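The next block holds one structure in the form of structure tokens; read it before the comments.
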Amino acid sequence: MPEKIIKDVSGPEEFSPPFFCTPLTGTDKKILLLNSASRNFDTGFVLGAAVRCKWGFPQVLACAPFMSDGTPFPTVFWLVCPYLDKRCAELETEHKIPVLEKELENNREAVEKWHKEYAELRRRLLSDSETKNIANCDAVMESFDKTGVGGINRLKKPCTAKCLHLQTATMLAWKHPAEAWLKRELGCMECGEACCKEKL
């Protein structure tokens with residue numbers, strides 16, 4: 001396993017402590033490209049693997065606020081585990097998103113705090129040059145202020161789930177106000193046969 005590194009995003013006491021990530025290895029990148037064959041995959045804005053399965057493969061990536069070409073990327077935690085990707089898709093076909101949104105609505109105060117902390121976390125991932133650049137762009141600053149988990153408008157629709165992949169990635173790598181519900185619905189969090197290894 002690669003040596004664990006810390007991305008220091010610590011802030012005021014009311015915010016959550018730093019998250020941990022490990023650098024992507026050559027094998028990681030190969031697996032990610034294989035698992036993402038149907039879409040363009042850019043590792044240039046990936047900070048590292050925020051969560052790995054028991055087999056050592058990335059389950060969740062930690063991503064920078066901007067892609068390599070400068071395009072804003074609102075998703076700090078990106079689910080890449082094929083097993084969990086499939087499980088989330090199955091739950092979505094079972095219409096579990098509205099159920100989760102009801103769970104979030106019943107815990108609205110915690111959800112609003114969660115989004116606020118996420119916005120602060122994402123802001124602290126900015127480089128010094130990025131911080132200076134967006135300070136001169138009102139539209140980008142406004143986007144950072146109102147955007148919560150995965151690009152959800154935290155001021156107008158904080159209890160929107162968007163998709164279960166996003167919710168699962170954030171829960172595994174950081175925290176989630178409906179963690180118990182997600183774990184109950186997802187069941188096992190890892191495959192039993194190292195399916196990624198079989199692709200190498």
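How things are named: the first chain in the structure tokens is A, the next is B, and so on; residues count from 1 in each chain; ligands count from 1 in the order shown.
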
Residues within 9 Å of A:Lys96, please, as a list of chain:residue names. Count only C-alpha atoms; anything in the same chain fewer than 5 positions from it doesn't count. A:Leu91, A:Glu101, A:Leu164, A:Glu185

Counting only C-alpha atoms, what are the residues of stretch 43-106 of chain A within 12 Å of stretch 144-148 of chain A, and for each of them which pair of atoms is the nearest and at what distance in Å, to one decimal? Sort the table by chain and rising number, as JSON lines.
{"residue": "A:Pro65", "atom": "CA", "partner": "A:Phe144", "partner_atom": "CA", "distance": 9.6}
{"residue": "A:Phe66", "atom": "CA", "partner": "A:Phe144", "partner_atom": "CA", "distance": 11.6}
{"residue": "A:Pro72", "atom": "CA", "partner": "A:Phe144", "partner_atom": "CA", "distance": 9.7}
{"residue": "A:Phe73", "atom": "CA", "partner": "A:Phe144", "partner_atom": "CA", "distance": 10.6}
{"residue": "A:Pro74", "atom": "CA", "partner": "A:Thr147", "partner_atom": "CA", "distance": 7.6}
{"residue": "A:Thr75", "atom": "CA", "partner": "A:Gly148", "partner_atom": "CA", "distance": 9.1}
{"residue": "A:Val76", "atom": "CA", "partner": "A:Gly148", "partner_atom": "CA", "distance": 10.2}

Need to verify the contact set: A:Leu24, 9 Å, only C-alpha atoms, exclusion of same-chain residues closer than 2 positions in sequence. Can you return it as a compact mmCIF listing (two decimals) with C-alpha atoms, in the first residue's frame?
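Wrote it out as around32.txt, contents follow:
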# COMPACT_ATOMS: atom_id res chain seq x y z
CA PRO A 2 1.29 3.51 -0.83
CA THR A 22 -3.18 8.17 -0.69
CA GLY A 26 0.24 3.20 -11.83
CA THR A 27 -2.03 0.23 -11.13
CA ASP A 28 -4.70 2.53 -9.72
CA LYS A 29 -4.67 4.65 -12.87
CA THR A 43 -6.50 12.09 -13.32
CA VAL A 46 -7.39 13.95 -8.63
CA LEU A 47 -5.74 14.52 -5.26
CA GLY A 48 -5.60 10.81 -4.44
CA ALA A 49 -7.63 7.85 -3.21
CA PRO A 58 -9.60 2.95 -4.86

Atom CA of A:Val80 to atom CA of A:Leu61, distance in Å rounded to a single decimal: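 According to the coordinates, atom CA of A:Val80 and atom CA of A:Leu61 are separated by 7.0 Å.
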
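Ranking A:Glu103, A:Glu179, A:Asp85, A:Glu109 by their shortest atom-to-atom distance to A:Asn35, with only C-alpha atoms included, puts A:Asp85 first.
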
Tell me, which residues of stretch 2-101 of chain A carry DSSP helix (DSSP H, G or I), written as JSON, numbers by chain? {"A": [26, 27, 28, 29, 30, 31, 32, 33, 34, 35, 43, 44, 45, 82, 83, 84, 85, 86, 87, 88, 89, 90, 91, 92, 93, 97, 98, 99, 100, 101]}

Can you write out the residues you just picked, keeping C-alpha atoms, as a short mmCIF file (atom, residue, chain, number, x, y, z; two decimals), in the first residue's frame?
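To be explicit, this is the file written out as result11.cif:
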data_model
loop_
_atom_site.label_atom_id
_atom_site.label_comp_id
_atom_site.auth_asym_id
_atom_site.auth_seq_id
_atom_site.Cartn_x
_atom_site.Cartn_y
_atom_site.Cartn_z
CA GLY A 26 0.24 3.20 -11.83
CA THR A 27 -2.03 0.23 -11.13
CA ASP A 28 -4.70 2.53 -9.72
CA LYS A 29 -4.67 4.65 -12.87
CA LYS A 30 -4.87 1.58 -15.08
CA ILE A 31 -7.87 0.24 -13.17
CA LEU A 32 -9.58 3.64 -13.19
CA LEU A 33 -9.15 3.93 -16.95
CA LEU A 34 -10.52 0.41 -17.45
CA ASN A 35 -13.50 1.06 -15.18
CA THR A 43 -6.50 12.09 -13.32
CA GLY A 44 -4.93 15.53 -13.47
CA PHE A 45 -7.31 17.01 -10.90
CA PRO A 82 -17.48 -0.75 -9.77
CA TYR A 83 -19.18 -2.87 -7.11
CA LEU A 84 -20.65 0.13 -5.28
CA ASP A 85 -21.38 1.90 -8.56
CA LYS A 86 -23.58 -1.04 -9.57
CA ARG A 87 -25.19 -1.23 -6.12
CA CYS A 88 -26.07 2.47 -6.20
CA ALA A 89 -27.57 2.08 -9.67
CA GLU A 90 -29.70 -0.82 -8.43
CA LEU A 91 -31.02 1.25 -5.53
CA GLU A 92 -31.81 4.13 -7.87
CA THR A 93 -33.89 1.83 -10.08
CA ILE A 97 -33.61 8.63 -4.08
CA PRO A 98 -36.97 10.10 -2.94
CA VAL A 99 -36.72 7.96 0.20
CA LEU A 100 -33.28 9.36 0.97
CA GLU A 101 -34.49 12.89 0.33
#

Quick check, in Å to one decimal: how far apart do atom CA of A:Lys102 and atom CA of A:His176 lie?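 Going from atom CA of A:Lys102 over to atom CA of A:His176 covers 14.4 Å.
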
Selection near A:Arg123, 10 Å with only C-alpha atoms, sequence-local residues under 4 positions removed, as a ChimeraX atom specification: /A:9,64-65,117-119,127,130-131,141,144-145

Residue nearest A:Trp174 among A:Trp114, A:Phe19, A:Phe57, A:Phe41 (counting only C-alpha atoms):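 Among A:Trp114, A:Phe19, A:Phe57, A:Phe41, it is A:Phe19 that comes nearest to A:Trp174.
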
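Remark: for A:Gly151, the closest of the candidate residues A:Arg122, A:Pro23, A:Leu200, A:Ser68 is A:Arg122 (distances computed over only C-alpha atoms).
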
Go through A:Ala110, A:Val60, A:Val51, A:Cys196 one by one, measure the shortest atom-to-atom distance of each to A:Cys159 using only C-alpha atoms, and give the residue with the smallest value.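 Under the stated criterion, the closest residue is A:Ala110.
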
Any chance you could list, as a ChimeraX atom specification, the residues in chain A that come up strand (DSSP E or B) when DSSP is run on the backbone? /A:5-6,20-22,46-52,58-63,66,72,77-79,147,153

Please save N, CA, C and O atoms of the selected residues as a tab-separated table (two decimals), in the first residue's frame.
chain	number	residue	atom	x	y	z
A	5	ILE	N	-0.83	10.07	2.85
A	5	ILE	CA	-0.52	11.48	2.93
A	5	ILE	C	-1.73	12.22	3.46
A	5	ILE	O	-2.84	11.71	3.45
A	6	ILE	N	-1.49	13.41	3.93
A	6	ILE	CA	-2.58	14.22	4.48
A	6	ILE	C	-2.73	15.48	3.65
A	6	ILE	O	-1.77	16.21	3.43
A	20	PHE	N	-8.02	12.14	4.77
A	20	PHE	CA	-6.77	11.53	4.36
A	20	PHE	C	-6.91	10.96	2.95
A	20	PHE	O	-7.98	10.49	2.57
A	21	CYS	N	-5.82	11.00	2.19
A	21	CYS	CA	-5.85	10.35	0.88
A	21	CYS	C	-4.47	9.77	0.58
A	21	CYS	O	-3.47	10.22	1.14
A	22	THR	N	-4.44	8.79	-0.28
A	22	THR	CA	-3.18	8.17	-0.69
A	22	THR	C	-2.96	8.44	-2.17
A	22	THR	O	-3.91	8.51	-2.95
A	46	VAL	N	-7.16	14.88	-9.73
A	46	VAL	CA	-7.39	13.95	-8.63
A	46	VAL	C	-6.30	14.12	-7.58
A	46	VAL	O	-5.10	14.06	-7.89
A	47	LEU	N	-6.69	14.35	-6.35
A	47	LEU	CA	-5.74	14.52	-5.26
A	47	LEU	C	-5.20	13.18	-4.76
A	47	LEU	O	-4.08	13.09	-4.26
A	48	GLY	N	-6.02	12.13	-4.88
A	48	GLY	CA	-5.60	10.81	-4.44
A	48	GLY	C	-6.81	9.94	-4.13
A	48	GLY	O	-7.95	10.34	-4.39
A	49	ALA	N	-6.55	8.77	-3.61
A	49	ALA	CA	-7.63	7.85	-3.21
A	49	ALA	C	-8.03	8.16	-1.77
A	49	ALA	O	-7.21	8.03	-0.86
A	50	ALA	N	-9.26	8.58	-1.58
A	50	ALA	CA	-9.75	8.92	-0.24
A	50	ALA	C	-10.15	7.67	0.53
A	50	ALA	O	-10.08	7.64	1.77
A	51	VAL	N	-10.59	6.64	-0.19
A	51	VAL	CA	-10.99	5.36	0.42
A	51	VAL	C	-10.52	4.22	-0.47
A	51	VAL	O	-10.66	4.31	-1.70
A	52	ARG	N	-9.98	3.20	0.14
A	52	ARG	CA	-9.61	1.99	-0.59
A	52	ARG	C	-10.34	0.80	0.02
A	52	ARG	O	-10.60	0.76	1.22
A	58	PRO	N	-8.83	1.75	-5.22
A	58	PRO	CA	-9.60	2.95	-4.86
A	58	PRO	C	-11.11	2.71	-4.95
A	58	PRO	O	-11.59	2.14	-5.92
A	59	GLN	N	-11.82	3.14	-3.93
A	59	GLN	CA	-13.28	3.15	-3.95
A	59	GLN	C	-13.81	4.56	-4.16
A	59	GLN	O	-14.81	4.76	-4.83
A	60	VAL	N	-13.12	5.51	-3.55
A	60	VAL	CA	-13.50	6.91	-3.65
A	60	VAL	C	-12.26	7.75	-3.90
A	60	VAL	O	-11.24	7.57	-3.23
A	61	LEU	N	-12.35	8.67	-4.87
A	61	LEU	CA	-11.27	9.59	-5.14
A	61	LEU	C	-11.55	10.93	-4.47
A	61	LEU	O	-12.71	11.33	-4.33
A	62	ALA	N	-10.49	11.62	-4.06
A	62	ALA	CA	-10.60	13.00	-3.61
A	62	ALA	C	-10.18	13.88	-4.77
A	62	ALA	O	-9.11	13.66	-5.36
A	63	CYS	N	-11.02	14.86	-5.11
A	63	CYS	CA	-10.79	15.66	-6.30
A	63	CYS	C	-10.64	17.15	-5.98
A	63	CYS	O	-11.26	17.66	-5.04
A	66	PHE	N	-11.07	22.33	-9.26
A	66	PHE	CA	-11.02	22.65	-10.69
A	66	PHE	C	-10.34	21.51	-11.45
A	66	PHE	O	-9.36	20.94	-10.98
A	72	PRO	N	-14.66	24.28	-13.34
A	72	PRO	CA	-14.99	23.96	-11.94
A	72	PRO	C	-15.51	22.53	-11.80
A	72	PRO	O	-16.26	22.05	-12.66
A	77	PHE	N	-15.63	14.23	-3.51
A	77	PHE	CA	-15.52	12.78	-3.33
A	77	PHE	C	-16.27	12.06	-4.45
A	77	PHE	O	-17.48	12.16	-4.58
A	78	TRP	N	-15.51	11.30	-5.25
A	78	TRP	CA	-16.03	10.70	-6.48
A	78	TRP	C	-15.95	9.17	-6.36
A	78	TRP	O	-14.87	8.60	-6.20
A	79	LEU	N	-17.09	8.52	-6.46
A	79	LEU	CA	-17.16	7.06	-6.34
A	79	LEU	C	-16.63	6.40	-7.60
A	79	LEU	O	-17.09	6.69	-8.71
A	147	THR	N	-22.85	26.55	-3.41
A	147	THR	CA	-22.74	25.14	-3.79
A	147	THR	C	-22.34	24.28	-2.59
A	147	THR	O	-21.35	24.56	-1.91
A	153	ASN	N	-27.37	22.91	-4.75
A	153	ASN	CA	-27.58	24.27	-4.25
A	153	ASN	C	-27.97	24.19	-2.78
A	153	ASN	O	-29.10	23.88	-2.44

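If you measure from each of A:Glu120, A:Asn106, A:Asn133, A:Val111 to A:Gly70 using only C-alpha atoms, the closest one turns out to be A:Asn133.
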
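Separating atom CA of A:Ala178 from atom CA of A:Cys53 is a distance of 21.4 Å.
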
Kindly indicate which residue among A:Ser36, A:Leu155, A:Cys188, A:Val149 lies nearest to A:Met171, using only C-alpha atoms for the distances.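 Between A:Ser36, A:Leu155, A:Cys188, A:Val149, the residue approaching A:Met171 most closely is A:Val149.
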